[in-house]
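Novice: To be precise about what I am sending: the file is called model38.cif and holds mmCIF, C-alpha atoms.
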data_final
#
loop_
_atom_site.label_atom_id
_atom_site.label_comp_id
_atom_site.auth_asym_id
_atom_site.auth_seq_id
_atom_site.Cartn_x
_atom_site.Cartn_y
_atom_site.Cartn_z
CA MET A 1 7.15 62.31 57.45
CA GLN A 2 3.59 63.49 57.82
CA GLU A 3 1.47 62.73 54.76
CA VAL A 4 -1.67 64.51 53.59
CA TYR A 5 -3.83 62.59 51.10
CA ARG A 6 -6.46 64.17 48.90
CA TYR A 7 -9.31 62.20 47.31
CA GLN A 8 -11.51 63.48 44.52
CA ARG A 9 -13.87 62.02 41.92
CA SER A 10 -12.16 61.90 38.51
CA ALA A 11 -14.27 63.16 35.65
CA GLY A 12 -15.37 60.45 33.24
CA LEU A 13 -13.50 57.60 34.97
CA GLY A 14 -15.37 57.29 38.22
CA GLY A 15 -12.38 56.62 40.47
CA PRO A 16 -10.87 58.56 43.35
CA VAL A 17 -7.58 60.37 42.94
CA ARG A 18 -5.05 59.91 45.68
CA THR A 19 -2.14 62.30 46.08
CA SER A 20 0.39 62.91 48.80
CA ALA A 21 2.05 66.13 49.88
CA GLN A 22 5.51 66.86 51.18
CA GLN A 23 7.13 63.88 49.41
CA GLY A 24 10.30 63.94 47.39
CA PRO A 25 9.80 63.22 43.67
CA ASP A 26 12.31 60.34 43.77
CA LEU A 27 10.51 58.65 46.68
CA THR A 28 7.06 58.42 45.10
CA LEU A 29 5.46 56.69 42.14
CA ARG A 30 2.31 57.78 40.32
CA CYS A 31 -0.05 54.99 39.38
CA THR A 32 -3.60 53.97 38.47
CA GLU A 33 -5.24 50.97 40.11
CA LEU A 34 -8.05 48.75 38.77
CA ASP A 35 -9.90 46.05 40.67
CA LYS A 36 -10.86 42.62 39.32
CA HIS A 37 -14.15 43.98 37.93
CA GLY A 38 -12.41 46.60 35.80
CA ASN A 39 -13.32 49.54 38.03
CA ILE A 40 -10.72 52.24 38.66
CA THR A 41 -10.16 52.43 42.41
CA VAL A 42 -7.24 54.88 42.32
CA ARG A 43 -6.47 57.18 39.41
CA ALA A 44 -3.14 59.00 39.08
CA GLY A 45 -2.38 58.45 42.75
CA GLU A 46 1.03 59.13 44.25
CA PHE A 47 2.43 56.51 46.62
CA GLN A 48 5.64 56.34 48.55
CA LYS A 49 7.94 53.56 47.39
CA SER A 50 8.24 52.24 50.92
CA GLU A 51 4.46 52.06 51.14
CA LEU A 52 4.25 50.14 47.86
CA CYS A 53 6.92 47.69 48.99
CA ALA A 54 5.13 47.03 52.26
CA GLN A 55 1.68 46.77 50.71
CA HIS A 56 2.62 44.41 47.86
CA GLY A 57 5.45 42.45 49.47
CA LEU A 58 8.16 43.78 47.18
CA GLN A 59 11.81 44.61 47.54
CA ALA A 60 13.09 48.10 46.77
CA ARG A 61 15.04 46.74 43.79
CA ASP A 62 11.80 45.39 42.30
CA LEU A 63 10.44 48.92 41.96
CA ARG A 64 13.33 49.87 39.68
CA LYS A 65 11.78 47.70 36.99
CA ILE A 66 8.55 49.70 37.04
CA ASP A 67 9.94 53.16 37.82
CA SER A 68 9.75 55.35 34.70
CA LYS A 69 12.71 57.41 35.94
CA PHE A 70 14.95 54.48 34.96
CA VAL A 71 14.51 54.94 31.22
CA ASN A 72 17.14 52.41 30.12
CA GLN A 73 15.62 49.43 31.90
CA MET A 74 15.53 46.20 29.91
CA PRO A 75 12.06 44.66 29.36
CA ALA A 76 11.24 42.09 32.00
CA ILE A 77 8.45 39.99 33.51
CA LEU A 78 9.25 39.25 37.15
CA VAL A 79 7.24 36.80 39.25
CA ARG A 80 7.12 37.45 42.97
CA ARG A 81 5.31 35.69 45.79
CA HIS A 82 2.04 37.62 45.51
CA ALA A 83 2.55 39.70 42.36
CA ILE A 84 3.74 39.80 38.77
CA LEU A 85 5.85 42.79 37.73
CA VAL A 86 5.73 43.74 34.05
CA ASN A 87 7.99 46.20 32.24
CA LEU A 88 7.30 45.99 28.51
CA LEU A 89 7.48 49.01 26.18
CA HIS A 90 5.16 51.72 27.52
CA ILE A 91 3.66 49.44 30.19
CA ARG A 92 4.90 49.22 33.74
CA ALA A 93 2.43 47.22 35.78
CA LEU A 94 2.03 45.25 38.98
CA ILE A 95 -0.51 42.43 38.76
CA GLU A 96 -2.01 40.74 41.81
CA ALA A 97 -4.78 38.20 42.24
CA ASP A 98 -7.51 40.84 42.56
CA ARG A 99 -6.10 44.07 41.09
CA ILE A 100 -3.64 45.60 38.66
CA VAL A 101 -1.58 48.72 39.26
CA LEU A 102 -0.41 50.67 36.21
CA PHE A 103 2.50 53.02 36.79
CA ASP A 104 2.95 56.22 34.81
CA SER A 105 5.28 55.93 31.84
CA ILE A 106 6.29 57.93 28.77
CA GLY A 107 3.58 56.47 26.52
CA ALA A 108 0.63 58.05 28.32
CA HIS A 109 -1.68 57.71 25.31
CA SER A 110 -0.88 54.00 24.93
CA GLN A 111 -1.38 53.51 28.65
CA GLY A 112 -4.79 55.17 28.40
CA ASN A 113 -5.71 52.66 25.70
CA LEU A 114 -4.51 49.87 27.97
CA VAL A 115 -6.75 51.07 30.80
CA TYR A 116 -9.72 51.03 28.42
CA GLU A 117 -8.80 47.55 27.10
CA LEU A 118 -8.43 46.24 30.63
CA GLN A 119 -11.81 47.58 31.68
CA GLU A 120 -13.52 46.07 28.65
CA ARG A 121 -11.77 42.72 29.04
CA LEU A 122 -12.38 42.39 32.77
CA ARG A 123 -16.01 43.42 32.53
CA SER A 124 -16.74 41.14 29.58
CA ASN A 125 -15.13 38.23 31.41
CA ALA A 126 -17.27 38.90 34.44
CA ARG A 127 -20.34 38.43 32.23
CA ALA A 128 -18.95 35.34 30.50
CA GLY A 129 -20.32 32.68 32.83
CA PRO A 130 -19.78 30.87 36.15
CA ALA A 131 -16.81 31.92 38.21
CA GLU A 132 -15.25 28.46 38.03
CA LEU A 133 -15.12 28.70 34.23
CA ALA A 134 -13.65 32.19 34.18
CA GLN A 135 -9.95 32.73 33.55
CA PRO A 136 -8.06 33.89 36.67
CA PHE A 137 -7.80 37.65 36.99
CA GLU A 138 -4.01 37.71 36.82
CA PHE A 139 -4.04 35.90 33.47
CA ARG A 140 -6.68 38.22 32.04
CA ALA A 141 -4.68 41.24 33.15
CA LEU A 142 -1.41 39.81 31.84
CA GLU A 143 -3.01 38.92 28.52
CA ALA A 144 -4.39 42.45 28.17
CA VAL A 145 -0.87 43.78 28.75
CA LEU A 146 0.59 41.42 26.14
CA ILE A 147 -2.15 42.34 23.66
CA SER A 148 -1.31 46.02 24.12
CA VAL A 149 2.42 45.38 23.72
CA VAL A 150 2.05 43.22 20.61
CA GLY A 151 -0.47 45.65 19.11
CA SER A 152 1.91 48.56 19.65
CA LEU A 153 4.77 46.63 18.05
CA GLN A 154 2.63 45.65 15.06
CA SER A 155 1.51 49.25 14.57
CA ASP A 156 5.08 50.58 14.68
CA GLU A 157 6.21 47.77 12.39
CA GLU A 158 3.55 48.52 9.79
CA VAL A 159 4.40 52.23 9.65
CA LEU A 160 8.16 51.70 9.51
CA VAL A 161 8.05 48.86 6.99
CA ASN A 162 5.78 50.83 4.63
CA LEU A 163 8.16 53.80 4.73
CA VAL A 164 11.17 51.60 4.05
CA GLN A 165 9.53 49.65 1.23
CA ASN A 166 8.39 52.85 -0.52
CA LEU A 167 11.92 54.21 -0.30
CA LEU A 168 13.44 50.97 -1.61
CA ALA A 169 11.01 50.98 -4.55
CA TYR A 170 12.14 54.52 -5.40
CA LEU A 171 15.83 53.60 -5.20
CA GLU A 172 15.28 50.70 -7.60
CA GLU A 173 14.33 53.27 -10.24
CA SER A 174 16.80 56.03 -9.45
CA VAL A 175 19.74 56.56 -7.10
CA ASP A 176 19.26 59.90 -5.38
CA ARG A 177 21.58 61.38 -2.79
CA ALA A 178 18.78 62.69 -0.57
CA LYS A 179 17.04 59.31 -0.69
CA LEU A 180 20.26 57.57 0.28
CA ARG A 181 20.40 59.72 3.41
CA GLU A 182 16.82 58.70 4.18
CA LEU A 183 17.76 55.06 3.68
CA LEU A 184 20.56 55.44 6.20
CA GLN A 185 18.16 56.91 8.77
CA TYR A 186 15.56 54.20 8.17
CA SER A 187 18.25 51.54 8.44
CA LYS A 188 19.17 52.87 11.88
CA ARG A 189 15.50 52.99 12.91
CA LEU A 190 15.04 49.40 11.76
CA SER A 191 18.02 48.30 13.83
CA ARG A 192 16.71 50.06 16.94
CA PHE A 193 13.22 48.65 16.46
CA GLU A 194 14.56 45.14 15.86
CA GLN A 195 16.59 45.34 19.06
CA LYS A 196 13.52 46.51 20.98
CA VAL A 197 11.46 43.57 19.71
CA LEU A 198 14.28 41.14 20.47
CA ASN A 199 14.46 42.40 24.04
CA ILE A 200 10.73 41.79 24.50
CA ARG A 201 11.05 38.33 22.98
CA ASP A 202 13.90 37.53 25.36
CA ALA A 203 11.85 38.72 28.35
CA ILE A 204 8.97 36.37 27.45
CA GLU A 205 11.30 33.47 26.69
CA GLU A 206 13.08 33.93 30.01
CA VAL A 207 9.81 33.40 31.88
CA LEU A 208 8.83 30.42 29.72
CA GLU A 209 12.13 28.72 30.54
CA GLN A 210 11.45 28.83 34.30
CA ASP A 211 8.91 26.26 35.50
CA GLU A 212 8.94 27.75 39.00
CA ASP A 213 7.99 31.20 37.71
CA LEU A 214 5.22 29.83 35.49
CA ALA A 215 3.71 27.87 38.38
CA ALA A 216 4.06 30.88 40.68
CA MET A 217 1.99 33.02 38.30
CA TYR A 218 -1.22 31.34 39.53
CA LEU A 219 -1.80 34.08 42.09
CA THR A 220 -5.50 33.38 42.63
CA GLN A 221 -4.85 29.81 43.73
CA LYS A 222 -2.11 30.97 46.08
CA LEU A 223 -4.52 33.55 47.50
CA HIS A 224 -6.96 30.73 48.28
CA GLY A 225 -4.22 28.64 49.86
CA THR A 226 -3.91 26.08 47.05
CA ALA A 227 -0.39 25.05 46.09
CA ARG A 228 0.48 24.61 42.41
CA ALA A 229 2.73 21.80 41.22
CA ARG A 230 6.03 22.90 39.69
CA ASP A 231 5.20 21.49 36.25
CA ASP A 232 1.47 22.30 36.31
CA HIS A 233 1.36 25.54 34.31
CA GLU A 234 -0.07 24.62 30.92
CA ASP A 235 -2.64 27.44 30.75
CA VAL A 236 -0.26 30.34 31.31
CA GLU A 237 2.44 28.67 29.21
CA LEU A 238 0.13 28.32 26.21
CA MET A 239 -1.03 31.91 26.59
CA MET A 240 2.49 33.32 26.69
CA GLU A 241 3.67 31.10 23.83
CA THR A 242 0.86 32.52 21.70
CA TYR A 243 2.16 36.06 22.10
CA LEU A 244 5.77 34.91 21.88
CA LYS A 245 4.95 33.52 18.44
CA GLN A 246 3.47 36.86 17.37
CA VAL A 247 6.57 38.69 18.60
CA GLU A 248 8.80 36.24 16.71
CA GLU A 249 6.78 36.87 13.54
CA ILE A 250 7.51 40.58 13.93
CA VAL A 251 11.21 39.79 14.44
CA ASN A 252 11.30 37.63 11.31
CA HIS A 253 9.55 40.29 9.23
CA ILE A 254 11.89 43.03 10.44
CA GLU A 255 14.92 40.82 9.75
CA SER A 256 13.61 40.22 6.23
CA VAL A 257 13.14 43.95 5.61
CA SER A 258 16.58 44.68 7.09
CA SER A 259 18.09 42.10 4.74
CA HIS A 260 16.34 43.80 1.81
CA VAL A 261 17.75 47.14 2.95
CA ARG A 262 21.27 45.71 3.17
CA THR A 263 20.91 44.18 -0.30
CA THR A 264 19.76 47.51 -1.70
CA GLU A 265 22.67 49.27 0.00
CA ASP A 266 25.08 46.77 -1.59
CA VAL A 267 23.56 47.30 -5.04
CA VAL A 268 23.67 51.08 -4.61
CA ASN A 269 27.31 50.85 -3.54
CA ILE A 270 28.08 48.79 -6.64
CA ILE A 271 26.38 51.40 -8.84
CA LEU A 272 28.24 54.22 -7.13
CA ASP A 273 31.54 52.35 -7.43
CA SER A 274 30.88 51.83 -11.12
CA GLN A 275 30.17 55.52 -11.60
CA ARG A 276 33.28 56.39 -9.60
CA ASN A 277 35.37 54.07 -11.77
CA SER A 278 33.94 55.66 -14.91
CA LEU A 279 34.99 59.08 -13.64
CA LEU A 280 38.47 57.77 -12.86
CA LEU A 281 38.80 56.31 -16.37
CA LEU A 282 37.71 59.62 -17.86
CA GLU A 283 40.31 61.39 -15.75
CA ILE A 284 43.01 58.98 -16.93
CA ARG A 285 42.05 59.53 -20.59
CA LEU A 286 42.19 63.28 -20.14
CA THR A 287 45.60 62.95 -18.48
CA ILE A 288 46.91 60.86 -21.41
CA LEU A 289 45.60 63.43 -23.88
CA THR A 290 47.18 66.24 -21.88
CA VAL A 291 50.58 64.49 -21.91
CA ALA A 292 50.32 63.92 -25.66
CA LEU A 293 49.44 67.56 -26.31
CA SER A 294 52.34 68.61 -24.12
CA SER A 295 54.73 66.67 -26.34
CA GLY A 296 53.50 68.57 -29.39
CA THR A 297 53.71 71.84 -27.51
CA PHE A 298 57.29 71.02 -26.51
CA LEU A 299 58.27 70.51 -30.15
CA THR A 300 56.70 73.76 -31.30
CA GLY A 301 58.30 75.52 -28.34
CA LEU A 302 61.74 74.50 -29.55
CA PHE A 303 61.17 76.21 -32.87
CA GLY A 304 59.61 79.21 -31.17
CA MET A 305 62.89 80.23 -29.51
CA ASN A 306 64.73 83.24 -30.94
CA LEU A 307 67.64 81.14 -32.22
CA VAL A 308 68.83 81.12 -35.82
CA ASN A 309 68.53 77.78 -37.64
CA THR A 310 68.52 76.70 -41.29
CA LEU A 311 64.77 76.07 -41.47
CA GLU A 312 63.44 79.64 -41.30
CA SER A 313 63.47 80.04 -45.08
CA HIS A 314 62.78 76.43 -46.03
CA PRO A 315 59.48 76.24 -48.02
CA THR A 316 58.22 72.95 -46.42
CA ALA A 317 59.72 73.22 -42.94
CA PHE A 318 56.47 74.40 -41.34
CA LEU A 319 54.46 71.48 -42.74
CA PHE A 320 57.20 69.02 -41.76
CA VAL A 321 57.40 70.20 -38.14
CA SER A 322 53.62 70.43 -37.81
CA SER A 323 53.24 66.87 -39.13
CA ILE A 324 55.81 65.56 -36.65
CA ALA A 325 54.02 67.34 -33.77
CA PHE A 326 50.61 66.00 -34.86
CA PHE A 327 51.75 62.42 -35.30
CA SER A 328 53.61 62.47 -31.97
CA ILE A 329 50.41 63.59 -30.24
CA VAL A 330 48.40 60.84 -31.94
CA ALA A 331 51.03 58.18 -31.23
CA LEU A 332 51.37 59.05 -27.57
CA THR A 333 47.57 59.14 -27.17
CA PHE A 334 47.07 55.68 -28.68
CA ALA A 335 50.02 54.26 -26.74
CA GLY A 336 48.64 55.59 -23.47
CA LEU A 337 45.11 54.29 -24.15
CA ARG A 338 46.48 50.89 -25.15
CA SER A 339 48.49 50.63 -21.94
CA MET A 340 45.41 51.60 -19.94
CA ARG A 341 43.34 48.84 -21.60
CA LYS A 342 46.02 46.24 -20.80
CA VAL A 343 45.99 47.26 -17.15
CA LEU A 344 42.18 47.09 -17.04
CA ARG A 345 42.20 43.60 -18.60
CA ARG A 346 44.63 42.40 -15.93
CA ILE A 347 42.43 43.83 -13.17
CA ASN A 348 39.25 42.29 -14.57
#
Starting from the coordinates I provided, produce the structure as structure tokens.
Specialist:
Amino acid sequence: MQEVYRYQRSAGLGGPVRTSAQQGPDLTLRCTELDKHGNITVRAGEFQKSELCAQHGLQARDLRKIDSKFVNQMPAILVRRHAILVNLLHIRALIEADRIVLFDSIGAHSQGNLVYELQERLRSNARAGPAELAQPFEFRALEAVLISVVGSLQSDEEVLVNLVQNLLAYLEESVDRAKLRELLQYSKRLSRFEQKVLNIRDAIEEVLEQDEDLAAMYLTQKLHGTARARDDHEDVELMMETYLKQVEEIVNHIESVSSHVRTTEDVVNIILDSQRNSLLLLEIRLTILTVALSSGTFLTGLFGMNLVNTLESHPTAFLFVSSIAFFSIVALTFAGLRSMRKVLRRIN
């Protein structure tokens, strides 16, 4: 397939833009490339996947981890012979000994912040001192990625936790139906966020458990032909453990808030059950009263029939029948309430 590339100076970023024509959308990836000095060498360039594989020594399956079209990819840090592939949150990156390639993803704003952070970090490191004292480029780039990921998680955590805590404080004062719906939504958001953080923690832990991968992350030494011992990876291990600890702190905080939410839900359910039981008791009392009144109505109905009896002309018959009806209503009411109390005592 014949390719036509176009280069232009990008406004404000100082890097050329590389695009390709006549390529299928599923066969290309859009990316931005920075060199070891923090300069943008390619901005929003489109590359064929086959070209990327050949240029960076990757397999086609490796590109799935950094292809934004695969939206359900699990977070991962993959170490290859000459590169480190990173897929964490909004960041999909390929790190080599002398450059980093950032692939387009959904979080374009966050990626723009990452580009700025990378430029600042790489340029400040270049001014830090002698080259032999400087941290290898791949570690600086990887640390910038981890800083961006942890910062994004902490920002999302702060917003979500504040919303949840304000809602829980309201529910402690009053149980409102609309607020309970909000609590349900926030509970689901907390669960999704917790799972996202756990996936990132697992991705970092998976790398830390592999001595071969940690030793293989020293790309600069491999570029200069120096072999790294399998257990000689203290620098990168300490760096990754630092950010793993921060991620675990986020996990612990979210688990604590989730536990508070579950406790509040349990208390609210107890309150609602109590109110429901009160309504049921009221309904039972009304039913008992209705039955008692029906007994009195039955008695008066007997005397209301058009049948001749000896009581029509009796001077005290009306008071006698009315008294019997009244006392039967009272007796049945008290008997029903007493039976209800006995049942409640057995239940409690």
Novice: Return as a ChimeraX atom specification the set of residues that the PyMOL selection byres ((chain A and resi 230-244) around 7) yields on the displayed structure.
Specialist: /A:146,201,204,208,211-212,214-215,228-229,245-248
Novice: The selected residues should be written to file as a short mmCIF file (atom, residue, chain, number, x, y, z; two decimals), keeping the file's coordinate frame (atoms: C-alpha atoms).
Specialist:
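Below you can see out-v5.cif, which holds the result:
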data_model
loop_
_atom_site.label_atom_id
_atom_site.label_comp_id
_atom_site.auth_asym_id
_atom_site.auth_seq_id
_atom_site.Cartn_x
_atom_site.Cartn_y
_atom_site.Cartn_z
CA LEU A 146 0.59 41.42 26.14
CA ARG A 201 11.05 38.33 22.98
CA ILE A 204 8.97 36.37 27.45
CA LEU A 208 8.83 30.42 29.72
CA ASP A 211 8.91 26.26 35.50
CA GLU A 212 8.94 27.75 39.00
CA LEU A 214 5.22 29.83 35.49
CA ALA A 215 3.71 27.87 38.38
CA ARG A 228 0.48 24.61 42.41
CA ALA A 229 2.73 21.80 41.22
CA LYS A 245 4.95 33.52 18.44
CA GLN A 246 3.47 36.86 17.37
CA VAL A 247 6.57 38.69 18.60
CA GLU A 248 8.80 36.24 16.71
#
Novice: Take CA of Val86 (chain A) and CA of Gln119 (chain A) and report the distance between them in Å, one decimal.
Specialist: 18.1 Å
Novice: How would you write, as a list in words, the residues chosen by the PyMOL selection byres ((chain A and resi 261) around 10) on this structure?
Specialist: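 Applied to this file, the PyMOL selection byres ((chain A and resi 261) around 10) selects Val164, Gln165, Leu167, Leu168, Leu183, Leu184, Tyr186, Ser187, Leu190, Glu255, Ser256, Val257, Ser258, Ser259, His260, Arg262, Thr263, Thr264, Glu265, Asp266 and Val267 of chain A.
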Novice: Which residues, named as in the file, does the PyMOL selection byres ((chain A and resi 326-342) around 8) pick out? Answer as a list in words.
Specialist: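 In the shown coordinates, the PyMOL selection byres ((chain A and resi 326-342) around 8) covers Arg285, Ile288, Leu289, Val291, Ala292, Leu293, Ser295, Gly296, Ser322, Ser323, Ile324, Ala325, Val343, Leu344, Arg345 and Arg346 of chain A.
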Novice: Could you take the residues named above and write them with C-alpha atoms, as a PDB file, in the frame of the given file?
Specialist:
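The result, written out as selection_20.pdb:
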ATOM      1  CA  ARG A 285      42.050  59.530 -20.590  1.00  0.00           C
ATOM      2  CA  ILE A 288      46.910  60.860 -21.410  1.00  0.00           C
ATOM      3  CA  LEU A 289      45.600  63.430 -23.880  1.00  0.00           C
ATOM      4  CA  VAL A 291      50.580  64.490 -21.910  1.00  0.00           C
ATOM      5  CA  ALA A 292      50.320  63.920 -25.660  1.00  0.00           C
ATOM      6  CA  LEU A 293      49.440  67.560 -26.310  1.00  0.00           C
ATOM      7  CA  SER A 295      54.730  66.670 -26.340  1.00  0.00           C
ATOM      8  CA  GLY A 296      53.500  68.570 -29.390  1.00  0.00           C
ATOM      9  CA  SER A 322      53.620  70.430 -37.810  1.00  0.00           C
ATOM     10  CA  SER A 323      53.240  66.870 -39.130  1.00  0.00           C
ATOM     11  CA  ILE A 324      55.810  65.560 -36.650  1.00  0.00           C
ATOM     12  CA  ALA A 325      54.020  67.340 -33.770  1.00  0.00           C
ATOM     13  CA  VAL A 343      45.990  47.260 -17.150  1.00  0.00           C
ATOM     14  CA  LEU A 344      42.180  47.090 -17.040  1.00  0.00           C
ATOM     15  CA  ARG A 345      42.200  43.600 -18.600  1.00  0.00           C
ATOM     16  CA  ARG A 346      44.630  42.400 -15.930  1.00  0.00           C
TER      17      ARG A 346
END
Novice: Tell me, in Å to one decimal, how far CA of Val115 (chain A) is from CA of Arg192 (chain A).
Specialist: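 Result for CA of Val115 (chain A) versus CA of Arg192 (chain A): 27.3 Å, one decimal.
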Novice: Please provide the set of residues having any atom within 8 Å of region 135-145 of chain A, restricted to only C-alpha atoms, with same-chain residues fewer than 2 positions apart removed, written as a list in words.
Specialist: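 Within the cut-off, the hits are Lys36, Ile91, Ile95, Glu96, Ala97, Asp98, Arg99, Ile100, Leu114, Glu117, Leu118, Arg121, Leu122, Asn125, Leu133, Ile147, Ser148, Val149, Met217, Tyr218, Leu219, Thr220, Val236 and Met239 of chain A.
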Novice: Restricting the calculation to all atoms listed in the file: of A:Leu281, A:Ala169, A:Leu58, A:Leu153, which residue gets closest to Ile84 (chain A)?
Specialist: A:Leu58
Novice: Return the single residue from A:Lys179, A:Arg92, A:Arg80, A:His253 that is closest to Gln59 (chain A), with distances computed using all atoms listed in the file.
Specialist: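 Using all atoms listed in the file, the shortest distance to Gln59 (chain A) belongs to A:Arg80.
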Novice: Point out the residue among A:Val161, A:Leu88, A:Val175, A:Ala54 with the least atom-to-atom distance to Leu198 (chain A), counting all atoms listed in the file.
Specialist: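 Between A:Val161, A:Leu88, A:Val175, A:Ala54, the residue approaching Leu198 (chain A) most closely is A:Leu88.
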Novice: In Å, rounded to a single decimal, give me how far CA of Thr290 (chain A) is from CA of Ser274 (chain A).
Specialist: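 Straight-line distance from CA of Ser274 (chain A) to CA of Thr290 (chain A) works out to 24.3 Å.
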Novice: Neighbouring residues of Phe193 (chain A) were defined as those with any atom within 10 Å, considering all atoms listed in the file; residues of the same chain fewer than 2 positions away were excluded. Please report them as a list in words.
Specialist: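 Non-adjacent residues within range: Leu153, Asp156, Glu157, Leu160, Ser187, Lys188, Arg189, Leu190, Ser191, Gln195, Lys196, Val197, Leu198, Asn199, Val251 and Ile254 of chain A.
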Novice: Residues near Ala203 (chain A), anyone? I mean within 8 Å using all atoms listed in the file, not counting same-chain ones fewer than 4 positions away, as an mmCIF file with C-alpha atoms, keeping the file's coordinate frame.
Specialist:
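Below is the file around15.cif, written as the result:
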data_model
loop_
_atom_site.group_PDB
_atom_site.id
_atom_site.type_symbol
_atom_site.label_atom_id
_atom_site.label_comp_id
_atom_site.auth_asym_id
_atom_site.auth_seq_id
_atom_site.Cartn_x
_atom_site.Cartn_y
_atom_site.Cartn_z
ATOM 1 C CA PRO A 75 12.060 44.660 29.360
ATOM 2 C CA ALA A 76 11.240 42.090 32.000
ATOM 3 C CA ILE A 77 8.450 39.990 33.510
ATOM 4 C CA ASN A 199 14.460 42.400 24.040
ATOM 5 C CA VAL A 207 9.810 33.400 31.880
#
